[in-house]
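Containing mmCIF, C-alpha atoms and all ligand atoms: upload27.cif.
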data_model
#
loop_
_atom_site.label_atom_id
_atom_site.label_comp_id
_atom_site.auth_asym_id
_atom_site.auth_seq_id
_atom_site.Cartn_x
_atom_site.Cartn_y
_atom_site.Cartn_z
CA MET C 1 -7.37 -27.58 -2.72
CA THR C 2 -5.18 -29.83 -4.88
CA PRO C 3 -3.17 -32.22 -2.66
CA ASP C 4 -0.96 -33.58 -5.47
CA ARG C 5 0.99 -30.37 -5.92
CA PRO C 6 2.89 -28.14 -3.48
CA ARG C 7 0.75 -25.59 -1.67
CA ARG C 8 0.82 -22.07 -2.99
CA ILE C 9 1.10 -18.64 -1.47
CA ARG C 10 -0.34 -15.94 -3.68
CA VAL C 11 0.39 -12.28 -3.04
CA ILE C 12 -2.49 -10.53 -4.76
CA GLY C 13 -2.61 -6.81 -5.59
CA ILE C 14 -6.19 -5.69 -5.10
CA GLY C 15 -6.10 -2.08 -6.25
CA ALA C 16 -6.26 1.03 -4.11
CA GLY C 17 -9.86 1.24 -3.01
CA HIS C 18 -12.39 0.44 -5.70
CA PRO C 19 -13.58 -3.17 -6.05
CA ASP C 20 -13.70 -2.78 -9.85
CA GLN C 21 -10.04 -1.88 -10.02
CA VAL C 22 -8.67 -5.39 -9.91
CA THR C 23 -7.35 -7.29 -12.89
CA VAL C 24 -8.91 -10.47 -14.27
CA GLU C 25 -5.74 -12.27 -13.19
CA ALA C 26 -6.24 -11.02 -9.63
CA VAL C 27 -9.86 -12.16 -9.57
CA GLU C 28 -8.80 -15.61 -10.77
CA ALA C 29 -6.15 -15.70 -8.06
CA LEU C 30 -8.72 -14.64 -5.42
CA ARG C 31 -10.92 -17.51 -6.55
CA SER C 32 -8.08 -20.03 -6.46
CA VAL C 33 -7.05 -19.85 -2.80
CA ASP C 34 -8.39 -21.76 0.20
CA PHE C 35 -7.99 -19.02 2.78
CA PHE C 36 -6.74 -15.47 3.09
CA VAL C 37 -4.36 -14.07 5.65
CA THR C 38 -4.63 -10.38 6.55
CA ALA C 39 -3.19 -8.18 9.25
CA ASP C 40 -5.57 -7.33 12.09
CA LYS C 41 -4.45 -3.85 13.10
CA GLY C 42 -6.93 -3.75 15.98
CA GLY C 43 -9.85 -1.39 16.40
CA ASP C 44 -11.98 -0.56 13.40
CA ASP C 45 -9.64 -1.00 10.46
CA PRO C 46 -11.51 0.72 7.59
CA LEU C 47 -9.41 -1.09 5.01
CA LEU C 48 -10.66 -4.40 6.38
CA ALA C 49 -14.17 -3.37 5.33
CA ALA C 50 -12.90 -2.41 1.86
CA ARG C 51 -11.24 -5.81 1.51
CA GLN C 52 -14.43 -7.57 2.56
CA ALA C 53 -16.43 -5.57 -0.01
CA LEU C 54 -13.93 -6.60 -2.66
CA LEU C 55 -14.23 -10.29 -1.80
CA ALA C 56 -18.02 -10.11 -1.71
CA ARG C 57 -17.99 -8.44 -5.11
CA HIS C 58 -15.80 -11.05 -6.84
CA LEU C 59 -16.33 -14.35 -5.02
CA ASP C 60 -19.50 -16.45 -4.82
CA VAL C 61 -18.17 -18.16 -1.72
CA VAL C 62 -15.70 -16.26 0.41
CA PRO C 63 -13.14 -18.62 1.97
CA PRO C 64 -11.99 -18.05 5.57
CA VAL C 65 -10.16 -14.80 6.18
CA VAL C 66 -7.60 -15.34 8.92
CA ALA C 67 -6.91 -12.02 10.60
CA VAL C 68 -3.50 -12.13 12.24
CA ARG C 69 -3.03 -9.69 15.07
CA ASP C 70 -0.36 -7.24 13.94
CA PRO C 71 2.68 -7.32 16.27
CA GLU C 72 3.35 -4.09 18.12
CA ARG C 73 5.76 -1.81 16.29
CA ASP C 74 8.26 0.31 18.21
CA ARG C 75 7.32 3.86 17.24
CA SER C 76 9.24 5.55 20.03
CA ALA C 77 11.15 8.65 18.99
CA SER C 78 14.36 7.26 20.52
CA SER C 79 14.27 4.13 18.33
CA THR C 80 13.29 5.79 15.07
CA ALA C 81 15.19 9.09 15.30
CA ASP C 82 17.64 8.28 12.49
CA ALA C 83 17.29 6.27 9.26
CA ALA C 84 19.26 3.29 10.63
CA GLY C 85 17.10 3.15 13.76
CA TYR C 86 13.95 3.33 11.66
CA ASP C 87 15.15 0.52 9.37
CA ARG C 88 16.06 -1.67 12.36
CA VAL C 89 12.61 -1.21 13.90
CA VAL C 90 10.96 -2.14 10.61
CA VAL C 91 13.12 -5.27 10.21
CA ASP C 92 12.24 -6.43 13.76
CA TRP C 93 8.59 -5.81 13.03
CA HIS C 94 8.80 -7.80 9.78
CA ASP C 95 10.39 -10.71 11.68
CA ALA C 96 7.54 -10.68 14.19
CA ARG C 97 5.01 -10.54 11.38
CA ALA C 98 6.70 -13.42 9.55
CA ALA C 99 6.45 -15.59 12.67
CA ALA C 100 2.75 -14.74 13.06
CA TYR C 101 1.97 -15.40 9.37
CA GLU C 102 3.92 -18.66 9.45
CA GLN C 103 1.75 -19.81 12.34
CA ALA C 104 -1.46 -18.87 10.49
CA ILE C 105 -0.34 -20.73 7.34
CA LEU C 106 0.68 -23.85 9.26
CA GLU C 107 -2.65 -23.93 11.07
CA HIS C 108 -4.63 -24.02 7.79
CA GLU C 109 -4.67 -26.32 4.81
CA GLY C 110 -4.39 -25.43 1.15
CA ASP C 111 -3.36 -22.33 -0.75
CA THR C 112 -2.96 -18.97 0.99
CA GLY C 113 -3.88 -15.59 -0.46
CA PHE C 114 -2.45 -12.32 0.82
CA LEU C 115 -4.56 -9.31 -0.14
CA VAL C 116 -2.28 -6.39 -0.85
CA TRP C 117 -3.56 -2.85 -1.18
CA GLY C 118 -2.66 -1.28 -4.53
CA ASP C 119 0.34 -3.03 -6.03
CA PRO C 120 2.61 -5.24 -3.91
CA ALA C 121 5.73 -3.55 -5.34
CA PHE C 122 5.09 -0.13 -3.80
CA TYR C 123 5.67 0.47 -0.10
CA ASP C 124 4.21 -2.79 1.03
CA SER C 125 6.02 -5.37 3.14
CA THR C 126 4.09 -8.50 2.15
CA ILE C 127 6.64 -9.76 -0.39
CA ARG C 128 9.50 -9.35 2.09
CA ILE C 129 7.49 -11.06 4.81
CA VAL C 130 6.56 -14.02 2.60
CA GLU C 131 10.26 -14.39 1.74
CA LYS C 132 11.01 -14.43 5.47
CA VAL C 133 8.27 -16.98 6.16
CA LEU C 134 9.74 -19.31 3.52
CA ALA C 135 13.30 -18.72 4.76
CA ARG C 136 12.26 -19.90 8.23
CA GLY C 137 11.92 -23.33 6.64
CA ARG C 138 8.69 -24.60 8.17
CA VAL C 139 6.36 -23.66 5.30
CA ASP C 140 7.03 -25.42 2.02
CA ALA C 141 5.22 -23.57 -0.76
CA GLU C 142 5.50 -22.14 -4.22
CA TRP C 143 4.57 -18.49 -4.40
CA ASP C 144 3.69 -15.84 -6.91
CA VAL C 145 2.78 -12.16 -7.07
CA ILE C 146 -0.19 -10.77 -8.96
CA PRO C 147 0.19 -7.07 -9.80
CA GLY C 148 -2.46 -4.59 -8.78
CA ILE C 149 -3.41 -1.07 -9.76
CA SER C 150 -1.37 1.18 -7.52
CA SER C 151 -2.59 4.40 -5.96
CA LEU C 152 0.13 6.05 -8.07
CA GLN C 153 -1.55 4.88 -11.26
CA MET C 154 -4.90 5.97 -9.88
CA LEU C 155 -3.48 9.42 -9.13
CA ALA C 156 -2.20 9.77 -12.70
CA ALA C 157 -5.42 8.50 -14.25
CA ARG C 158 -7.68 10.72 -12.16
CA HIS C 159 -5.64 13.81 -12.99
CA ARG C 160 -5.25 12.64 -16.61
CA ILE C 161 -1.50 13.17 -16.51
CA VAL C 162 1.70 11.39 -17.46
CA LEU C 163 3.77 11.12 -14.30
CA HIS C 164 6.95 12.41 -15.90
CA GLU C 165 7.86 14.72 -18.72
CA ILE C 166 8.99 13.29 -22.04
CA GLY C 167 11.93 10.97 -21.47
CA GLN C 168 12.48 12.30 -17.95
CA PRO C 169 12.85 10.35 -14.69
CA ILE C 170 10.58 10.22 -11.70
CA LEU C 171 11.43 9.59 -8.08
CA VAL C 172 9.01 7.76 -5.80
CA THR C 173 9.51 8.43 -2.11
CA THR C 174 7.78 8.89 1.22
CA GLY C 175 6.60 12.07 2.92
CA ARG C 176 9.31 11.41 5.50
CA ARG C 177 12.05 11.59 2.87
CA LEU C 178 10.67 14.31 0.59
CA ARG C 179 13.04 17.01 1.89
CA GLU C 180 16.05 14.84 1.25
CA ALA C 181 14.87 14.22 -2.36
CA VAL C 182 14.34 17.93 -3.02
CA GLU C 183 17.72 18.84 -1.52
CA ALA C 184 19.35 16.19 -3.71
CA GLY C 185 17.95 17.93 -6.77
CA ALA C 186 14.97 15.76 -7.68
CA ASP C 187 12.45 17.77 -9.62
CA ASN C 188 9.67 15.29 -10.29
CA VAL C 189 8.69 13.41 -7.18
CA LEU C 190 5.83 11.08 -6.30
CA VAL C 191 5.12 11.10 -2.59
CA MET C 192 3.30 8.44 -0.57
CA LEU C 193 2.85 7.63 3.11
CA ASN C 194 2.15 11.14 4.31
CA ALA C 195 1.67 11.42 8.03
CA ARG C 196 1.29 15.13 7.28
CA LEU C 197 2.01 17.48 4.40
CA ASP C 198 5.11 19.56 4.80
CA LEU C 199 5.55 21.65 1.66
CA ASP C 200 7.19 24.72 3.18
CA GLY C 201 9.43 26.48 0.67
CA LEU C 202 7.95 24.63 -2.30
CA ASP C 203 5.39 27.30 -3.21
CA ASP C 204 6.43 27.48 -6.86
CA TRP C 205 6.26 23.73 -7.45
CA GLN C 206 3.24 22.18 -9.15
CA ILE C 207 1.26 19.58 -7.22
CA TRP C 208 -1.22 16.95 -8.33
CA TRP C 209 -2.73 15.57 -5.14
CA GLY C 210 -5.30 12.85 -4.51
CA ALA C 211 -6.85 11.29 -1.43
CA ASN C 212 -8.93 8.14 -0.94
CA LEU C 213 -8.67 7.53 -4.66
CA GLY C 214 -11.20 5.09 -6.02
CA THR C 215 -13.55 5.47 -3.06
CA ALA C 216 -16.72 7.51 -2.61
CA ASP C 217 -14.67 10.06 -0.70
CA GLU C 218 -12.07 10.61 -3.38
CA ALA C 219 -10.60 14.15 -3.44
CA LEU C 220 -8.38 15.74 -6.09
CA VAL C 221 -6.56 19.06 -6.18
CA ALA C 222 -4.00 20.35 -8.68
CA GLY C 223 -2.13 23.64 -9.09
CA ARG C 224 0.77 25.70 -7.85
CA VAL C 225 1.60 24.67 -4.27
CA GLY C 226 1.50 28.25 -2.99
CA ASP C 227 -1.99 28.70 -4.42
CA VAL C 228 -3.63 25.36 -3.61
CA LEU C 229 -2.06 24.18 -0.36
CA PRO C 230 -4.93 25.48 1.83
CA THR C 231 -7.41 23.70 -0.46
CA VAL C 232 -5.39 20.47 -0.23
CA LEU C 233 -5.25 20.62 3.57
CA ALA C 234 -8.98 21.32 3.82
CA ALA C 235 -9.80 18.50 1.37
CA ARG C 236 -7.57 16.15 3.34
CA ASP C 237 -9.38 16.95 6.61
CA GLU C 238 -12.73 16.66 4.90
CA ALA C 239 -11.93 13.23 3.38
CA LYS C 240 -10.82 12.03 6.79
CA ALA C 241 -13.94 13.35 8.48
CA ARG C 242 -16.23 11.73 5.90
CA ALA C 243 -14.51 8.37 5.50
CA GLY C 244 -12.97 8.03 8.96
CA TRP C 245 -9.53 7.61 7.31
CA VAL C 246 -7.40 9.36 4.75
CA MET C 247 -4.66 8.09 2.46
CA ASP C 248 -3.14 10.52 0.05
CA ALA C 249 -0.46 10.62 -2.61
CA TYR C 250 0.83 13.40 -4.80
CA LEU C 251 3.12 14.32 -7.64
CA LEU C 252 5.34 17.36 -7.09
CA ARG C 253 7.09 18.97 -10.04
CA ARG C 254 9.55 21.81 -9.91
CA SER C 255 8.40 24.64 -12.17
C1 LIG Z 1 1.49 1.28 2.68
S1 LIG Z 1 1.41 2.25 1.23
C2 LIG Z 1 0.76 1.09 0.11
C3 LIG Z 1 0.79 1.52 -1.32
C4 LIG Z 1 0.14 0.51 -2.24
N1 LIG Z 1 0.90 -0.71 -2.31
C5 LIG Z 1 -0.06 1.08 -3.65
O1 LIG Z 1 0.45 0.49 -4.62
O2 LIG Z 1 -0.76 2.07 -3.76
C6 LIG Z 1 0.05 3.28 1.60
C7 LIG Z 1 0.16 4.62 0.91
O3 LIG Z 1 -0.29 4.49 -0.42
C8 LIG Z 1 -1.02 5.63 -0.80
N2 LIG Z 1 -2.40 5.20 -1.06
C9 LIG Z 1 -2.89 3.95 -0.97
N3 LIG Z 1 -4.18 3.92 -1.33
C10 LIG Z 1 -4.52 5.17 -1.67
C11 LIG Z 1 -5.72 5.78 -2.14
N4 LIG Z 1 -6.83 5.06 -2.33
N5 LIG Z 1 -5.71 7.10 -2.40
C12 LIG Z 1 -4.57 7.84 -2.22
N6 LIG Z 1 -3.42 7.31 -1.77
C13 LIG Z 1 -3.39 6.01 -1.51
C14 LIG Z 1 -0.92 6.61 0.37
O4 LIG Z 1 0.21 7.43 0.16
C15 LIG Z 1 -0.73 5.67 1.52
O5 LIG Z 1 -0.09 6.33 2.61
#

In C-alpha cells, write the structure found in this file.
Ligand SMILES: C[S@@+](CC[C@H](N)C(=O)[O-])C[C@H]1O[C@@H](n2cnc3c(N)ncnc32)[C@H](O)[C@@H]1O
Amino acid sequence: MTPDRPRRIRVIGIGAGHPDQVTVEAVEALRSVDFFVTADKGGDDPLLAARQALLARHLDVVPPVVAVRDPERDRSASSTADAAGYDRVVVDWHDARAAAYEQAILEHEGDTGFLVWGDPAFYDSTIRIVEKVLARGRVDAEWDVIPGISSLQMLAARHRIVLHEIGQPILVTTGRRLREAVEAGADNVLVMLNARLDLDGLDDWQIWWGANLGTADEALVAGRVGDVLPTVLAARDEAKARAGWVMDAYLLRRS
C-alpha cells in the first residue's frame, strides 16, 4: 500500500479459464493490489475455484479475497418478459451490487482488484458497477482496466479461424437475442451467454462452437449446423457433467 497517492481500483481481465492465459500486465496488476473483491454467488461457485488457482499460480502471497454476497436478482418471468423489463431488472441489480462493493471497499485499506473473467469489455458488469461505486461519492479512487483474453478470442484460436471474412463485419450478441440478429439480416454472429442452444431453422449455417475453453474439459465442434447440432448438444451435456458447469460460445455464419 502506498499512502501518499490516491487508492486505486483495478479491473483486471484474467482470461477465460486457463491460468496461463493472462497477460504480463494483468499479472503485474494482480501483484499490485492489497485485496480482491469478488462476487459470492452462493453454493459451490466453480469459477471461484478457477480464480483461486489463478492467484495461486501467479502470486507468492495471495492478499485477502473479499467475497461479497451477490444481491438477489429478480428473474421472474413477469419482470423480465420484455427487453425494457429485463434492462430495468439488471440496472436494479447493478445498483445493489454497487452498494455491496462500496461497503467492501470502504471496510478495507489500500488498492482493490476486481478479477474479471475473460475481458472486462464483453458481457461483464464490473466496469459499470465500479462507475456506479465512484458516482455514489463515498469511495475516492483512481481506476483502470487491464484487458484480458476473452472467450471469443479463445474460440477463434482453438478453431484456428478469423472471426469474420475479409473486410466483413461481425455481430456479437447473446443467445437470448440471436433470433433478432438473424431476422435483422446479420450473417456472421458471435453468440455468448447461452442458457440453451436454439438453432432451429439455421441448419445451413456454419457453426464453430466451444465450451469450457482453456480448461481440462474444453470441447470443440465445427460444421454445418444441421449436421453437427446433435454432437454439440451431447458435448455440451458431457462438459457439464464432467466439470459441474458449462460455458459455451459460438460463431454462426450464414452459408
Ligand atoms: C458473463 S459472460 C463473460 C464473458 C467474458 N467477459 C469474456 O470476455 O469471455 C459469460 C459468457 O462468456 C462465455 N464464456 C466465458 N468463458 C468461457 C469459456 N471458458 N469457454 C466458452 N465460453 C466462455 C460464455 O458464453 C458465457 O456464457

All residues having an atom within 6 Å of ligand LIG 1 (chain Z) (only C-alpha atoms and all ligand atoms) as a ChimeraX atom specification: /C:16-17,117-120,122-124,150-152,192-194,210-214,247-249

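With all atoms listed in the file as the atoms that count, the residue of C:Ala56, C:Ile146, C:Ala235, C:Ala216 with the shortest distance to Ala121 of chain C is C:Ile146.
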
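Residue nearest Asp95 of chain C within the list C:Leu171, C:Ile129, C:Ala49, C:Val24: C:Ile129 [criterion: smallest interatomic distance, only C-alpha atoms].
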
Expected answer as a ChimeraX atom specification: all residues with atoms within 6 Å of (4.8, -22.0, 9.8), only C-alpha atoms: /C:102-103,105-106,138-139

Selection: 9 Å around segment 42-46 of chain C, only C-alpha atoms, excl. self and same-chain fewer than 4 positions, as a list in words: Ala50, Arg51, Arg69, Asp70, Ala243, Gly244 and Trp245 of chain C

Within 12 Å of Ala96 of chain C, counting only C-alpha atoms, which residues show up once you throw out same-chain ones fewer than 5 positions away? Write them as a compact mmCIF listing (two decimals) with C-alpha atoms, keeping the file's coordinate frame, please.
# COMPACT_ATOMS: atom_id res chain seq x y z
CA VAL C 68 -3.50 -12.13 12.24
CA ARG C 69 -3.03 -9.69 15.07
CA ASP C 70 -0.36 -7.24 13.94
CA PRO C 71 2.68 -7.32 16.27
CA GLU C 72 3.35 -4.09 18.12
CA ARG C 73 5.76 -1.81 16.29
CA ASP C 74 8.26 0.31 18.21
CA VAL C 89 12.61 -1.21 13.90
CA VAL C 90 10.96 -2.14 10.61
CA VAL C 91 13.12 -5.27 10.21
CA TYR C 101 1.97 -15.40 9.37
CA GLU C 102 3.92 -18.66 9.45
CA GLN C 103 1.75 -19.81 12.34
CA ILE C 129 7.49 -11.06 4.81
CA LYS C 132 11.01 -14.43 5.47
CA VAL C 133 8.27 -16.98 6.16
CA ARG C 136 12.26 -19.90 8.23

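One distance worth recording is that between atom CA of Gly226 of chain C and atom CA of Ser255 of chain C, which is 12.0 Å.
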
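Nearest residue to Arg176 of chain C among C:Ile14, C:Ala84, C:Ile149, C:Val191 is C:Val191, counting all atoms listed in the file.
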
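Take atom CA of Val162 of chain C and atom CA of Asp200 of chain C: the distance between them is 25.2 Å.
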
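Computed from the coordinates, the atom CA of Val22 of chain C to atom CA of Arg97 of chain C distance equals 25.8 Å.
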
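Distances here use all atoms listed in the file; by that measure, the residue among C:Arg158, C:Asp92, C:Gln206, C:Lys240 closest to Val228 of chain C is C:Gln206.
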
Which residue of C:Arg242, C:Val62, C:Glu218, C:Thr112 approaches Leu155 of chain C most closely, using only C-alpha atoms: C:Glu218

Listed atoms of segment 93-97 of chain C boxed axis-aligned with 8 Å per side, centre + edges as AutoDock Vina command-line options:
--center_x 7.7 --center_y -8.3 --center_z 12.0 --size_x 21.4 --size_y 20.9 --size_z 20.4

Shell around Glu165 of chain C at 12 Å using only C-alpha atoms, local window under 3 positions removed, as a PyMOL selection string: chain C and resi 161-162+168-170+187-189+253-255

N, CA, C and O atoms are what I want for segment 154-179 of chain C; can you complete it accordingly and write them as a CSV table (one decimal), in the coordinates of the input?
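Generated file (result-v9.csv):
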chain,number,residue,atom,x,y,z
C,154,MET,N,-3.6,5.3,-10.1
C,154,MET,CA,-4.9,6.0,-9.9
C,154,MET,C,-4.7,7.5,-9.9
C,154,MET,O,-5.6,8.2,-10.5
C,155,LEU,N,-3.7,8.0,-9.2
C,155,LEU,CA,-3.5,9.4,-9.1
C,155,LEU,C,-3.3,10.0,-10.5
C,155,LEU,O,-3.9,11.0,-10.9
C,156,ALA,N,-2.5,9.3,-11.3
C,156,ALA,CA,-2.2,9.8,-12.7
C,156,ALA,C,-3.5,9.7,-13.5
C,156,ALA,O,-3.8,10.7,-14.3
C,157,ALA,N,-4.2,8.7,-13.4
C,157,ALA,CA,-5.4,8.5,-14.2
C,157,ALA,C,-6.5,9.6,-13.9
C,157,ALA,O,-7.1,10.2,-14.8
C,158,ARG,N,-6.7,9.8,-12.6
C,158,ARG,CA,-7.7,10.7,-12.2
C,158,ARG,C,-7.3,12.1,-12.6
C,158,ARG,O,-8.2,12.9,-13.0
C,159,HIS,N,-6.0,12.5,-12.6
C,159,HIS,CA,-5.6,13.8,-13.0
C,159,HIS,C,-5.4,13.9,-14.5
C,159,HIS,O,-5.1,14.9,-15.0
C,160,ARG,N,-5.5,12.7,-15.2
C,160,ARG,CA,-5.2,12.6,-16.6
C,160,ARG,C,-3.9,13.2,-17.0
C,160,ARG,O,-3.7,14.0,-17.9
C,161,ILE,N,-2.9,12.7,-16.3
C,161,ILE,CA,-1.5,13.2,-16.5
C,161,ILE,C,-0.6,12.0,-16.8
C,161,ILE,O,-0.8,10.9,-16.3
C,162,VAL,N,0.6,12.3,-17.4
C,162,VAL,CA,1.7,11.4,-17.5
C,162,VAL,C,2.6,11.8,-16.3
C,162,VAL,O,2.7,13.0,-16.0
C,163,LEU,N,3.1,10.8,-15.6
C,163,LEU,CA,3.8,11.1,-14.3
C,163,LEU,C,5.1,11.8,-14.5
C,163,LEU,O,5.7,12.3,-13.5
C,164,HIS,N,5.7,11.8,-15.7
C,164,HIS,CA,7.0,12.4,-15.9
C,164,HIS,C,6.9,13.1,-17.2
C,164,HIS,O,6.0,12.9,-18.1
C,165,GLU,N,7.8,14.0,-17.4
C,165,GLU,CA,7.9,14.7,-18.7
C,165,GLU,C,8.6,13.8,-19.7
C,165,GLU,O,9.2,12.8,-19.3
C,166,ILE,N,8.5,14.2,-21.0
C,166,ILE,CA,9.0,13.3,-22.0
C,166,ILE,C,10.4,12.8,-21.8
C,166,ILE,O,11.3,13.7,-21.7
C,167,GLY,N,10.6,11.6,-21.6
C,167,GLY,CA,11.9,11.0,-21.5
C,167,GLY,C,12.6,11.3,-20.1
C,167,GLY,O,13.8,11.0,-20.0
C,168,GLN,N,11.9,11.9,-19.2
C,168,GLN,CA,12.5,12.3,-18.0
C,168,GLN,C,12.2,11.3,-16.8
C,168,GLN,O,11.3,10.5,-16.9
C,169,PRO,N,13.1,11.3,-15.8
C,169,PRO,CA,12.8,10.4,-14.7
C,169,PRO,C,11.8,10.8,-13.7
C,169,PRO,O,11.4,12.0,-13.7
C,170,ILE,N,11.5,9.9,-12.8
C,170,ILE,CA,10.6,10.2,-11.7
C,170,ILE,C,11.1,9.5,-10.5
C,170,ILE,O,11.7,8.4,-10.5
C,171,LEU,N,11.0,10.2,-9.3
C,171,LEU,CA,11.4,9.6,-8.1
C,171,LEU,C,10.2,9.3,-7.2
C,171,LEU,O,9.3,10.2,-7.1
C,172,VAL,N,10.1,8.1,-6.7
C,172,VAL,CA,9.0,7.8,-5.8
C,172,VAL,C,9.6,7.7,-4.4
C,172,VAL,O,10.6,7.0,-4.1
C,173,THR,N,9.0,8.4,-3.5
C,173,THR,CA,9.5,8.4,-2.1
C,173,THR,C,8.4,8.6,-1.1
C,173,THR,O,7.2,8.6,-1.5
C,174,THR,N,8.8,8.7,0.2
C,174,THR,CA,7.8,8.9,1.2
C,174,THR,C,7.8,10.3,1.7
C,174,THR,O,8.8,11.1,1.5
C,175,GLY,N,6.7,10.7,2.4
C,175,GLY,CA,6.6,12.1,2.9
C,175,GLY,C,7.8,12.3,3.8
C,175,GLY,O,8.4,13.4,3.8
C,176,ARG,N,8.2,11.3,4.6
C,176,ARG,CA,9.3,11.4,5.5
C,176,ARG,C,10.6,11.8,4.8
C,176,ARG,O,11.5,12.5,5.4
C,177,ARG,N,10.8,11.4,3.5
C,177,ARG,CA,12.0,11.6,2.9
C,177,ARG,C,12.0,12.6,1.7
C,177,ARG,O,12.9,12.7,0.9
C,178,LEU,N,10.8,13.3,1.7
C,178,LEU,CA,10.7,14.3,0.6
C,178,LEU,C,11.8,15.4,0.6
C,178,LEU,O,12.4,15.7,-0.4
C,179,ARG,N,12.0,15.9,1.8
C,179,ARG,CA,13.0,17.0,1.9
C,179,ARG,C,14.4,16.6,1.3
C,179,ARG,O,15.0,17.3,0.5
